[in-house]
Every structure is written in structure tokens, then in C-alpha cells.
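Everything below concerns the one structure shown next.
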Amino acid sequence: MYWNIGEYVSNKAVSDGWGKSTVKALSDYILSKEPGIRGYSSQNIWRMKQFYETYRDHPELSSLLRVMANIVTEHFRLEIV
């Protein structure tokens with residue numbers, strides 16, 4: 001999921017000129033819709049974007065990183081429940 005968010009924000013930054021204030025608004029929106037959710041601060045969303053941009057041109061790593069990100073996401077989801 002983090003990979004997908006990073007990809008989305010990266011694409012929006014290029015196509016629509018998204019910057020830090022827009023990412024802050026996205027973070028505020030997510031947090032307002034899912035109270036108590038963790039990991040979606042504007043700083044973390046910006047890091048998701050940077051992570052995606054760092055590894056997107058490395059197909060041998062990007063699929064592995066996506067799998068690892070999904071495992072970590074699921075692990076934390078199970079701990080919260």
C-alpha cells in the first residue's frame with residue numbers, strides 16, 4: 001500500500017504540481033476519515049513518495065519491496081487489532 005501511495009503522490013507531483021501543502025491536505029483528509037490510523041502523517045506520505053522514486057527504476061527490487069511493504073503493513077494491522 002505504501003508503494004501505491006508513493007506512486008500516486010509522485011505522479012500527482014509531476015502532473016498536477018502537488019507539493020508539501022497538498023500532501024499535508026491529503027494527510028489531514030486520511031486522518032479525518034480514519035481516526036486513530038497511524039503512519040499517514042504528511043512527513044510519512046512524503047517519504048512514501050521518495051521511497052517510490054528511489055526504487056521505481058529498479059524492477060528487480062521494486063517487486064520485492066512491494067511484497068515487503070505489504071508484509072509490514074499487514075503485520076502492523078494485526079498488532080493494532
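If you're wondering about the labels, chains in the C-alpha cells are A, B, ... by order shown, residues count from 1 in each chain, ligands from 1 in order shown.
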
### Exercise: Lys12 (chain A) partners within 12 Å, only C-alpha atoms, chain neighbours under 6 positions left out, as a PyMOL selection string
chain A and resi 5-6+18-20+22-23+26+49

Please produce a file of those selected residues containing N, CA, C and O atoms, as a short mmCIF file (atom, residue, chain, number, x, y, z; two decimals), in the first residue's frame.
```
data_model
loop_
_atom_site.label_atom_id
_atom_site.label_comp_id
_atom_site.auth_asym_id
_atom_site.auth_seq_id
_atom_site.Cartn_x
_atom_site.Cartn_y
_atom_site.Cartn_z
N ILE A 5 0.78 4.45 -2.66
CA ILE A 5 0.61 5.85 -2.25
C ILE A 5 1.78 6.68 -2.76
O ILE A 5 1.60 7.77 -3.28
N GLY A 6 2.99 6.14 -2.61
CA GLY A 6 4.17 6.85 -3.11
C GLY A 6 4.10 7.09 -4.60
O GLY A 6 4.42 8.18 -5.10
N TRP A 18 1.67 18.85 -7.34
CA TRP A 18 1.49 18.65 -5.91
C TRP A 18 2.79 18.96 -5.18
O TRP A 18 3.87 18.59 -5.60
N GLY A 19 2.66 19.62 -4.05
CA GLY A 19 3.80 19.92 -3.19
C GLY A 19 3.47 19.54 -1.76
O GLY A 19 2.50 18.83 -1.49
N LYS A 20 4.27 20.02 -0.85
CA LYS A 20 4.11 19.64 0.55
C LYS A 20 2.77 20.07 1.13
O LYS A 20 2.19 19.36 1.94
N THR A 22 -0.12 20.26 -0.41
CA THR A 22 -1.15 19.34 -0.90
C THR A 22 -1.03 17.99 -0.19
O THR A 22 -2.04 17.38 0.17
N VAL A 23 0.19 17.54 0.03
CA VAL A 23 0.40 16.29 0.76
C VAL A 23 -0.09 16.43 2.20
O VAL A 23 -0.69 15.51 2.75
N LEU A 26 -3.76 16.02 2.04
CA LEU A 26 -4.08 14.60 1.87
C LEU A 26 -3.96 13.87 3.20
O LEU A 26 -4.85 13.09 3.57
N LYS A 49 6.59 8.76 -1.13
CA LYS A 49 6.89 9.30 -2.46
C LYS A 49 8.38 9.14 -2.76
O LYS A 49 8.77 8.67 -3.83
#
```

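Neighbouring residues of Ser21 (chain A) at 12 Å or closer, counting only C-alpha atoms and skipping chain neighbours under 5 positions away, are Ala13, Leu26, Ser27, Asp28, Ser42, Gln43, Ile45 and Trp46 of chain A.
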
Residues of the last selection are to be written out with all heavy atoms, as a PDB file, in the first residue's frame.
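Result written to selection-v9.pdb:
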```pdb
ATOM      1  N   ALA A  13       2.548  14.900  -8.250  1.00  0.00           N
ATOM      2  CA  ALA A  13       3.537  15.981  -8.143  1.00  0.00           C
ATOM      3  C   ALA A  13       3.984  16.419  -9.532  1.00  0.00           C
ATOM      4  O   ALA A  13       4.152  17.611  -9.792  1.00  0.00           O
ATOM      5  CB  ALA A  13       4.730  15.529  -7.310  1.00  0.00           C
ATOM      6  N   LEU A  26      -3.760  16.015   2.043  1.00  0.00           N
ATOM      7  CA  LEU A  26      -4.076  14.597   1.870  1.00  0.00           C
ATOM      8  C   LEU A  26      -3.960  13.867   3.204  1.00  0.00           C
ATOM      9  O   LEU A  26      -4.846  13.087   3.572  1.00  0.00           O
ATOM     10  CB  LEU A  26      -3.140  13.966   0.835  1.00  0.00           C
ATOM     11  CG  LEU A  26      -3.263  12.457   0.651  1.00  0.00           C
ATOM     12  CD1 LEU A  26      -4.648  12.072   0.143  1.00  0.00           C
ATOM     13  CD2 LEU A  26      -2.175  11.957  -0.294  1.00  0.00           C
ATOM     14  N   SER A  27      -2.909  14.136   3.936  1.00  0.00           N
ATOM     15  CA  SER A  27      -2.721  13.525   5.253  1.00  0.00           C
ATOM     16  C   SER A  27      -3.871  13.890   6.187  1.00  0.00           C
ATOM     17  O   SER A  27      -4.437  13.016   6.854  1.00  0.00           O
ATOM     18  CB  SER A  27      -1.391  13.991   5.856  1.00  0.00           C
ATOM     19  OG  SER A  27      -1.287  13.569   7.200  1.00  0.00           O
ATOM     20  N   ASP A  28      -4.215  15.160   6.229  1.00  0.00           N
ATOM     21  CA  ASP A  28      -5.321  15.603   7.085  1.00  0.00           C
ATOM     22  C   ASP A  28      -6.618  14.899   6.705  1.00  0.00           C
ATOM     23  O   ASP A  28      -7.395  14.497   7.566  1.00  0.00           O
ATOM     24  CB  ASP A  28      -5.503  17.119   6.996  1.00  0.00           C
ATOM     25  CG  ASP A  28      -4.356  17.893   7.627  1.00  0.00           C
ATOM     26  OD1 ASP A  28      -3.569  17.293   8.395  1.00  0.00           O
ATOM     27  OD2 ASP A  28      -4.240  19.100   7.332  1.00  0.00           O
ATOM     28  N   SER A  42       1.945  13.795   7.044  1.00  0.00           N
ATOM     29  CA  SER A  42       2.434  14.355   5.778  1.00  0.00           C
ATOM     30  C   SER A  42       3.899  13.978   5.563  1.00  0.00           C
ATOM     31  O   SER A  42       4.305  13.700   4.432  1.00  0.00           O
ATOM     32  CB  SER A  42       2.234  15.866   5.737  1.00  0.00           C
ATOM     33  OG  SER A  42       2.904  16.490   6.807  1.00  0.00           O
ATOM     34  N   GLN A  43       4.674  13.919   6.647  1.00  0.00           N
ATOM     35  CA  GLN A  43       6.083  13.532   6.507  1.00  0.00           C
ATOM     36  C   GLN A  43       6.209  12.094   6.008  1.00  0.00           C
ATOM     37  O   GLN A  43       7.041  11.798   5.151  1.00  0.00           O
ATOM     38  CB  GLN A  43       6.825  13.672   7.852  1.00  0.00           C
ATOM     39  CG  GLN A  43       6.923  15.094   8.341  1.00  0.00           C
ATOM     40  CD  GLN A  43       5.723  15.500   9.200  1.00  0.00           C
ATOM     41  OE1 GLN A  43       4.720  14.801   9.302  1.00  0.00           O
ATOM     42  NE2 GLN A  43       5.820  16.669   9.805  1.00  0.00           N
ATOM     43  N   ILE A  45       3.934  10.378   4.271  1.00  0.00           N
ATOM     44  CA  ILE A  45       3.470  10.305   2.877  1.00  0.00           C
ATOM     45  C   ILE A  45       4.557  10.823   1.946  1.00  0.00           C
ATOM     46  O   ILE A  45       4.806  10.250   0.882  1.00  0.00           O
ATOM     47  CB  ILE A  45       2.144  11.070   2.703  1.00  0.00           C
ATOM     48  CG1 ILE A  45       1.031  10.347   3.475  1.00  0.00           C
ATOM     49  CG2 ILE A  45       1.781  11.211   1.224  1.00  0.00           C
ATOM     50  CD1 ILE A  45      -0.283  11.080   3.516  1.00  0.00           C
ATOM     51  N   TRP A  46       5.237  11.880   2.353  1.00  0.00           N
ATOM     52  CA  TRP A  46       6.343  12.405   1.541  1.00  0.00           C
ATOM     53  C   TRP A  46       7.455  11.366   1.436  1.00  0.00           C
ATOM     54  O   TRP A  46       8.056  11.193   0.371  1.00  0.00           O
ATOM     55  CB  TRP A  46       6.841  13.719   2.136  1.00  0.00           C
ATOM     56  CG  TRP A  46       7.511  14.570   1.120  1.00  0.00           C
ATOM     57  CD1 TRP A  46       8.839  14.836   1.016  1.00  0.00           C
ATOM     58  CD2 TRP A  46       6.895  15.279   0.029  1.00  0.00           C
ATOM     59  NE1 TRP A  46       9.084  15.653  -0.054  1.00  0.00           N
ATOM     60  CE2 TRP A  46       7.910  15.937  -0.677  1.00  0.00           C
ATOM     61  CE3 TRP A  46       5.579  15.400  -0.405  1.00  0.00           C
ATOM     62  CZ2 TRP A  46       7.652  16.712  -1.801  1.00  0.00           C
ATOM     63  CZ3 TRP A  46       5.324  16.174  -1.517  1.00  0.00           C
ATOM     64  CH2 TRP A  46       6.351  16.820  -2.199  1.00  0.00           C
TER      65      TRP A  46
END
```

### Query
Quick one: of A:Arg56, A:Lys33, A:Lys24, A:Arg38, who's nearest to Asn11 (chain A), counting only C-alpha atoms?
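Among the listed residues, A:Arg56 lies closest to Asn11 (chain A).
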